[in-house]
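Right, one structure below, let's go through it.
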Amino acid sequence: AMRSAARFELLLAAGSLALALLLGGATGHYPASLLVLTLLYACRHVYHLLRLTYRLARHHRFNAPYPRGAWGEVYQAIAQYQQRTRKRKKRQVRFASRFREAALSVPDALVIMDKNQTVEWANPAAASLLNIQWPRDDGKNLTGLVQQPGLDDIIEAADYARPIDFSPNHNRALRLTVRVTPFGEKKRQRLLVGRDITKIHALNTIRRDFVANASHELRTPLTVIMGFVENLLHNAATPAAHRRPLNLMQSQALRMRTIIDDLLTLSRLEMDDKPDVVQPVDVPEVIRSVLHEAASIAAGKYRIESDIDEELFVLGNEKELHSAFSNLVLNALKHTPERTRISVRWAEHPQGLHFTVQDTGGGIAAEHLPRLTERFYRVDKARSRASGGTGLGLAIVKHVLNRHEAELLISSRIGHGSTFVCRFPDELALSRRQLRHADGAPTASPSVTEGKPHRTAAAR
Ligand code: ADP
């Protein structure tokens, strides 16, 4: 097309020149003829130039038919360009309206905030779930509208993985989980997503209460049965033939009570997210008592080593921590063959405070690792039962650690043994020395609710 346009322009110029010469030959006025034809030739260009300027200025649509030659090319190129832009704009409008429609129809509350945490936009679900109405609440501060302790921190952190659950003030029957993520250019705005979890929450409560009540109701009759069995066993009149079944009844009843007690412990741990008593805990002392307990069970058949930072205390609940640590150490005894080496360590690491139980036992296959902390999950049901396991131990450990903002890290290789690490955040660290300076007696320190004890620096 370009070439044909060039050819046309050339032909036109040559034709004009030839016509000028012809006209000059006929009239004898060569310069005048040349001038006339040059003017005519120039007029054509000026005409098209003006037409183009006019159309561009008025945003006219360029369409066929196009004049021939270079001008036609120019018109056509502009027409194509216009068409592309029109299409793109149409697509953008369609896109935007589709996104708006999506945002309007999701059942989750969506709120966009600017960097000062003021509301810029909210969808209709935000009205029913959070009582934020847009545009009524445009420009208002979000934490003023939704008065909820902890919401500030969540917005500040903008960590989608860290939700906050609460019942909003305007409708206490609702239960929401709210997440915040960075939004917009430079990610300084915030997008808040609130989801209605009322049903799940109610079901969870029912399940929790059911387990707690059922365990509680079972405990009393079991105690009665155990009492009678015990009496019969101690009664000289009991026939010798009954002793074996009675012994079995007693050990099975004991097992049952262990399971019930573990279930009760778990539901108690589930009742709220934080332990009721939080104090500086003398972890070295707790570990010593766990090791003492373990040594009597191991009865010399295992090699237990320990390496404990005597200065390192944490802020937490002593009873719960004792239960978690003891579960891990006793697991290493229960689930490994005799003569296994078990090492127990307590130390400050760059990534937190680590309580580590490592064994050189048979290890656990990788596919089981993610499920170990589920209730009643056991790699080998029969073996675990035989060793007195309930399948609830690691679930308890996980719950206790959750309540201490700590986490359980499990690594294991078949044939090489397993490592269980309880990792506590640095902020929970306290040192024995500082506690002694604070009030003389580290074990009798006041609860944190009364006065905050000194904390160690992140790394000593
Ligand atoms: P249990 O009451 O059976 O010990 P847990 O919840 O404490 O229940 O542990 C779950 C399962 O994890 C155990 O049944 C066992 O199969 C496996 N397990 C736990 N600790 C170890 C370990 N140190 N070595 C090998 N397997 C382990």
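Quick note on naming: the chains in the structure tokens go A, B, ... in the order shown, residues restart at 1 in each chain, and ligands are numbered from 1 in order of appearance.
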
Within 6 Å of range 16-23 of chain A, counting only C-alpha atoms, which residues qualify if same-chain residues fewer than 2 places away don't, as a VMD selection string?
chain A and resid 13 to 14 25 to 26 33 to 34

Would you put the residues from that selection into a file with N, CA, C and O atoms, as a compact mmCIF listing (two decimals), in the first residue's frame?
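What landed in selection_3.txt:
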# COMPACT_ATOMS: atom_id res chain seq x y z
N ALA A 13 2.74 13.99 -9.64
CA ALA A 13 3.72 15.08 -9.83
C ALA A 13 4.18 15.13 -11.30
O ALA A 13 4.23 16.21 -11.92
N ALA A 14 4.50 13.91 -11.82
CA ALA A 14 4.99 13.84 -13.20
C ALA A 14 3.89 14.31 -14.16
O ALA A 14 4.16 15.06 -15.12
N GLY A 25 3.50 24.73 -24.12
CA GLY A 25 3.71 24.59 -25.56
C GLY A 25 2.54 25.19 -26.33
O GLY A 25 2.73 25.86 -27.34
N ALA A 26 1.31 24.98 -25.77
CA ALA A 26 0.11 25.44 -26.46
C ALA A 26 -0.03 26.95 -26.39
O ALA A 26 -0.38 27.60 -27.37
N SER A 33 2.24 28.70 -16.97
CA SER A 33 1.63 27.37 -16.91
C SER A 33 2.19 26.57 -15.75
O SER A 33 1.47 25.90 -14.99
N LEU A 34 3.50 26.67 -15.62
CA LEU A 34 4.17 25.93 -14.51
C LEU A 34 3.62 26.40 -13.17
O LEU A 34 3.30 25.60 -12.28

When you look at Phe424 in chain A with a cut-off of 6 Å (counting only C-alpha atoms), what residues show up, excluding the ones that are within fewer than 5 positions of it in the same chain? I need them as a PDB file with N, CA, C and O atoms, in the first residue's frame.
ATOM      1  N   GLY A 352      14.422 -17.310  67.748  1.00  0.00           N
ATOM      2  CA  GLY A 352      13.508 -17.493  68.872  1.00  0.00           C
ATOM      3  C   GLY A 352      14.090 -18.414  69.927  1.00  0.00           C
ATOM      4  O   GLY A 352      15.241 -18.821  69.855  1.00  0.00           O
ATOM      5  N   LEU A 353      13.252 -18.736  70.919  1.00  0.00           N
ATOM      6  CA  LEU A 353      13.699 -19.609  72.011  1.00  0.00           C
ATOM      7  C   LEU A 353      13.275 -21.029  71.670  1.00  0.00           C
ATOM      8  O   LEU A 353      12.103 -21.274  71.379  1.00  0.00           O
ATOM      9  N   ALA A 406       3.667 -19.487  70.281  1.00  0.00           N
ATOM     10  CA  ALA A 406       4.808 -20.287  69.871  1.00  0.00           C
ATOM     11  C   ALA A 406       4.348 -21.288  68.824  1.00  0.00           C
ATOM     12  O   ALA A 406       3.162 -21.438  68.573  1.00  0.00           O
TER      13      ALA A 406
END

Any idea what the distance is between CA of Thr177 in chain A and CA of Phe376 in chain A?
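These atoms are spaced 28.0 Å apart.
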
Neighbours of Arg195 in chain A within 7 Å (only C-alpha atoms; same-chain residues fewer than 6 positions away dropped), as a PDB file with C-alpha atoms, in the first residue's frame?
ATOM      1  CA  ASP A 108     -17.745 -10.756  52.124  1.00  0.00           C
ATOM      2  CA  ALA A 109     -17.372  -7.207  53.370  1.00  0.00           C
ATOM      3  CA  LEU A 176     -16.561 -12.212  61.741  1.00  0.00           C
ATOM      4  CA  THR A 177     -13.056 -12.983  60.681  1.00  0.00           C
ATOM      5  CA  VAL A 178     -11.293  -9.931  59.319  1.00  0.00           C
TER       6      VAL A 178
END

May I have the residues within 6 Å of ligand 1, computed using only C-alpha atoms and all ligand atoms, as a PyMOL selection string?
chain A and resi 331-332+335-336+363-364+372-373+377-380+384+389-395+418

Find the residues near range 159-175 of chain A: any atom within 10 Å, counting only C-alpha atoms, skip ones fewer than 5 places away on the same chain, and give them as a VMD selection string.
chain A and resid 128 to 131 145 to 151 153 to 154 180 to 182 191 to 202

What does the distance between CA of Ser105 in chain A and CA of Val93 in chain A come to in Å, to one decimal place?
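Between these atoms lies a distance of 18.1 Å.
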
Report as number ranges by chain: the residues of range 56-154 of chain A with a DSSP assignment of alpha helix (DSSP H), based on the backbone of this structure.
A: 56-57, 69-105, 124-130, 142-145, 151-154

Between A:Gly184, A:Pro135, A:Pro31, A:Pro425, which one has atoms that come closest to His349 in chain A, using only C-alpha atoms?
A:Pro425

Here is a test: counting only C-alpha atoms, which residue of A:Glu367, A:Asp426, A:Glu217, A:Asp152 is nearest to Asp261 in chain A?
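The shortest atom-to-atom distance to Asp261 in chain A comes from A:Glu217.
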
Exercise: Trp121 in chain A partners within 9 Å, only C-alpha atoms, chain neighbours under 2 positions left out, as a short mmCIF file (atom, residue, chain, number, x, y, z; two decimals) with N, CA, C and O atoms, in the first residue's frame:
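Just written: result_37.cif:
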data_model
loop_
_atom_site.label_atom_id
_atom_site.label_comp_id
_atom_site.auth_asym_id
_atom_site.auth_seq_id
_atom_site.Cartn_x
_atom_site.Cartn_y
_atom_site.Cartn_z
N LEU A 110 -16.04 -5.79 51.91
CA LEU A 110 -14.79 -5.27 51.37
C LEU A 110 -14.73 -3.78 51.66
O LEU A 110 -15.69 -3.05 51.38
N VAL A 111 -13.61 -3.34 52.24
CA VAL A 111 -13.46 -1.91 52.52
C VAL A 111 -12.08 -1.49 52.05
O VAL A 111 -11.08 -2.13 52.38
N ILE A 112 -12.04 -0.43 51.25
CA ILE A 112 -10.75 0.11 50.84
C ILE A 112 -10.46 1.34 51.69
O ILE A 112 -11.32 2.21 51.84
N MET A 113 -9.25 1.37 52.26
CA MET A 113 -8.86 2.50 53.09
C MET A 113 -7.66 3.18 52.46
O MET A 113 -6.87 2.52 51.80
N VAL A 119 -11.94 5.47 55.33
CA VAL A 119 -12.70 4.68 54.34
C VAL A 119 -12.77 5.42 53.01
O VAL A 119 -13.13 6.59 52.95
N ASN A 123 -18.22 -2.08 49.99
CA ASN A 123 -19.30 -2.74 49.24
C ASN A 123 -20.54 -2.90 50.13
O ASN A 123 -20.48 -2.65 51.33
N GLN A 133 -21.28 2.09 55.85
CA GLN A 133 -22.07 2.36 54.66
C GLN A 133 -21.36 3.36 53.78
O GLN A 133 -20.96 4.43 54.25
N TRP A 134 -21.21 2.97 52.54
CA TRP A 134 -20.58 3.89 51.60
C TRP A 134 -21.64 4.37 50.65
O TRP A 134 -22.47 3.58 50.21
N PRO A 135 -21.74 5.65 50.35
CA PRO A 135 -20.79 6.74 50.65
C PRO A 135 -21.03 7.45 51.99
O PRO A 135 -20.29 8.38 52.28
N ASP A 137 -20.18 6.84 54.98
CA ASP A 137 -19.02 6.87 55.87
C ASP A 137 -17.72 7.23 55.15
O ASP A 137 -16.63 7.01 55.69
N ASP A 138 -17.86 7.77 53.94
CA ASP A 138 -16.67 8.11 53.17
C ASP A 138 -15.78 9.07 53.96
O ASP A 138 -16.26 10.05 54.53
N GLY A 139 -14.49 8.77 54.03
CA GLY A 139 -13.54 9.67 54.69
C GLY A 139 -13.49 9.53 56.19
O GLY A 139 -12.70 10.19 56.85
#

In range 283-379 of chain A, DSSP strand (DSSP E or B) residues written as an mmCIF file with N, CA and C atoms, in the first residue's frame:
data_model
loop_
_atom_site.group_PDB
_atom_site.id
_atom_site.type_symbol
_atom_site.label_atom_id
_atom_site.label_comp_id
_atom_site.auth_asym_id
_atom_site.auth_seq_id
_atom_site.Cartn_x
_atom_site.Cartn_y
_atom_site.Cartn_z
ATOM 1 N N ARG A 303 19.065 -43.488 76.694
ATOM 2 C CA ARG A 303 20.094 -42.522 77.090
ATOM 3 C C ARG A 303 19.530 -41.118 76.909
ATOM 4 N N ILE A 304 19.280 -40.464 78.016
ATOM 5 C CA ILE A 304 18.700 -39.121 77.938
ATOM 6 C C ILE A 304 19.768 -38.083 78.266
ATOM 7 N N GLU A 305 20.015 -37.174 77.313
ATOM 8 C CA GLU A 305 20.989 -36.108 77.545
ATOM 9 C C GLU A 305 20.252 -34.778 77.572
ATOM 10 N N SER A 306 20.841 -33.818 78.282
ATOM 11 C CA SER A 306 20.173 -32.515 78.271
ATOM 12 C C SER A 306 21.186 -31.387 78.247
ATOM 13 N N ASP A 307 20.809 -30.304 77.614
ATOM 14 C CA ASP A 307 21.643 -29.111 77.549
ATOM 15 C C ASP A 307 20.700 -27.921 77.735
ATOM 16 N N ILE A 308 20.750 -27.325 78.912
ATOM 17 C CA ILE A 308 19.734 -26.341 79.277
ATOM 18 C C ILE A 308 20.350 -25.006 79.651
ATOM 19 N N LEU A 312 17.574 -18.863 81.170
ATOM 20 C CA LEU A 312 16.488 -18.482 80.267
ATOM 21 C C LEU A 312 15.109 -18.872 80.787
ATOM 22 N N PHE A 313 14.305 -17.847 81.079
ATOM 23 C CA PHE A 313 12.922 -18.042 81.509
ATOM 24 C C PHE A 313 11.998 -17.562 80.395
ATOM 25 N N VAL A 314 10.731 -17.938 80.452
ATOM 26 C CA VAL A 314 9.768 -17.309 79.528
ATOM 27 C C VAL A 314 8.536 -16.855 80.292
ATOM 28 N N LEU A 315 7.813 -16.001 79.631
ATOM 29 C CA LEU A 315 6.547 -15.528 80.149
ATOM 30 C C LEU A 315 5.475 -16.492 79.666
ATOM 31 N N GLY A 316 4.773 -17.116 80.606
ATOM 32 C CA GLY A 316 3.767 -18.077 80.149
ATOM 33 C C GLY A 316 3.055 -18.734 81.309
ATOM 34 N N ARG A 341 18.903 -42.724 71.785
ATOM 35 C CA ARG A 341 19.455 -41.540 72.450
ATOM 36 C C ARG A 341 18.450 -40.399 72.332
ATOM 37 N N ILE A 342 18.150 -39.791 73.456
ATOM 38 C CA ILE A 342 17.193 -38.678 73.443
ATOM 39 C C ILE A 342 17.896 -37.441 73.978
ATOM 40 N N SER A 343 17.864 -36.372 73.195
ATOM 41 C CA SER A 343 18.524 -35.175 73.693
ATOM 42 C C SER A 343 17.503 -34.047 73.846
ATOM 43 N N VAL A 344 17.568 -33.402 75.014
ATOM 44 C CA VAL A 344 16.628 -32.334 75.351
ATOM 45 C C VAL A 344 17.424 -31.047 75.504
ATOM 46 N N ARG A 345 17.030 -30.017 74.737
ATOM 47 C CA ARG A 345 17.797 -28.775 74.792
ATOM 48 C C ARG A 345 16.867 -27.574 74.999
ATOM 49 N N TRP A 346 17.404 -26.566 75.626
ATOM 50 C CA TRP A 346 16.657 -25.316 75.849
ATOM 51 C C TRP A 346 17.630 -24.176 75.656
ATOM 52 N N ALA A 347 17.440 -23.376 74.626
ATOM 53 C CA ALA A 347 18.415 -22.336 74.321
ATOM 54 C C ALA A 347 17.792 -21.224 73.491
ATOM 55 N N GLU A 348 18.475 -20.089 73.508
ATOM 56 C CA GLU A 348 18.043 -18.968 72.698
ATOM 57 C C GLU A 348 18.722 -19.061 71.336
ATOM 58 N N HIS A 349 17.921 -18.965 70.271
ATOM 59 C CA HIS A 349 18.442 -19.025 68.909
ATOM 60 C C HIS A 349 18.151 -17.701 68.223
ATOM 61 N N GLY A 352 14.422 -17.310 67.748
ATOM 62 C CA GLY A 352 13.508 -17.493 68.872
ATOM 63 C C GLY A 352 14.090 -18.414 69.927
ATOM 64 N N LEU A 353 13.252 -18.736 70.919
ATOM 65 C CA LEU A 353 13.699 -19.609 72.011
ATOM 66 C C LEU A 353 13.275 -21.029 71.670
ATOM 67 N N HIS A 354 14.221 -21.939 71.688
ATOM 68 C CA HIS A 354 13.916 -23.312 71.251
ATOM 69 C C HIS A 354 13.950 -24.303 72.402
ATOM 70 N N PHE A 355 12.837 -25.028 72.578
ATOM 71 C CA PHE A 355 12.857 -26.222 73.402
ATOM 72 C C PHE A 355 12.849 -27.383 72.424
ATOM 73 N N THR A 356 13.927 -28.164 72.437
ATOM 74 C CA THR A 356 14.105 -29.199 71.419
ATOM 75 C C THR A 356 14.154 -30.575 72.055
ATOM 76 N N VAL A 357 13.399 -31.519 71.484
ATOM 77 C CA VAL A 357 13.522 -32.923 71.879
ATOM 78 C C VAL A 357 13.884 -33.693 70.626
ATOM 79 N N GLN A 358 15.085 -34.291 70.664
ATOM 80 C CA GLN A 358 15.568 -34.997 69.483
ATOM 81 C C GLN A 358 15.827 -36.444 69.855
ATOM 82 N N ASP A 359 15.372 -37.375 68.996
ATOM 83 C CA ASP A 359 15.655 -38.774 69.294
ATOM 84 C C ASP A 359 16.288 -39.451 68.089
#

Hey, which of A:Arg188, A:Arg375, A:Lys334, A:Lys274 ends up closest to Ala294 in chain A? Count only C-alpha atoms.
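Ranking A:Arg188, A:Arg375, A:Lys334, A:Lys274 by distance to Ala294 in chain A, first place goes to A:Lys334.
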
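Using only C-alpha atoms, the shortest contact distance between Pro280 in chain A and any of A:Gln92, A:Asn317, A:Asn63, A:Ser251 is found at A:Asn317.
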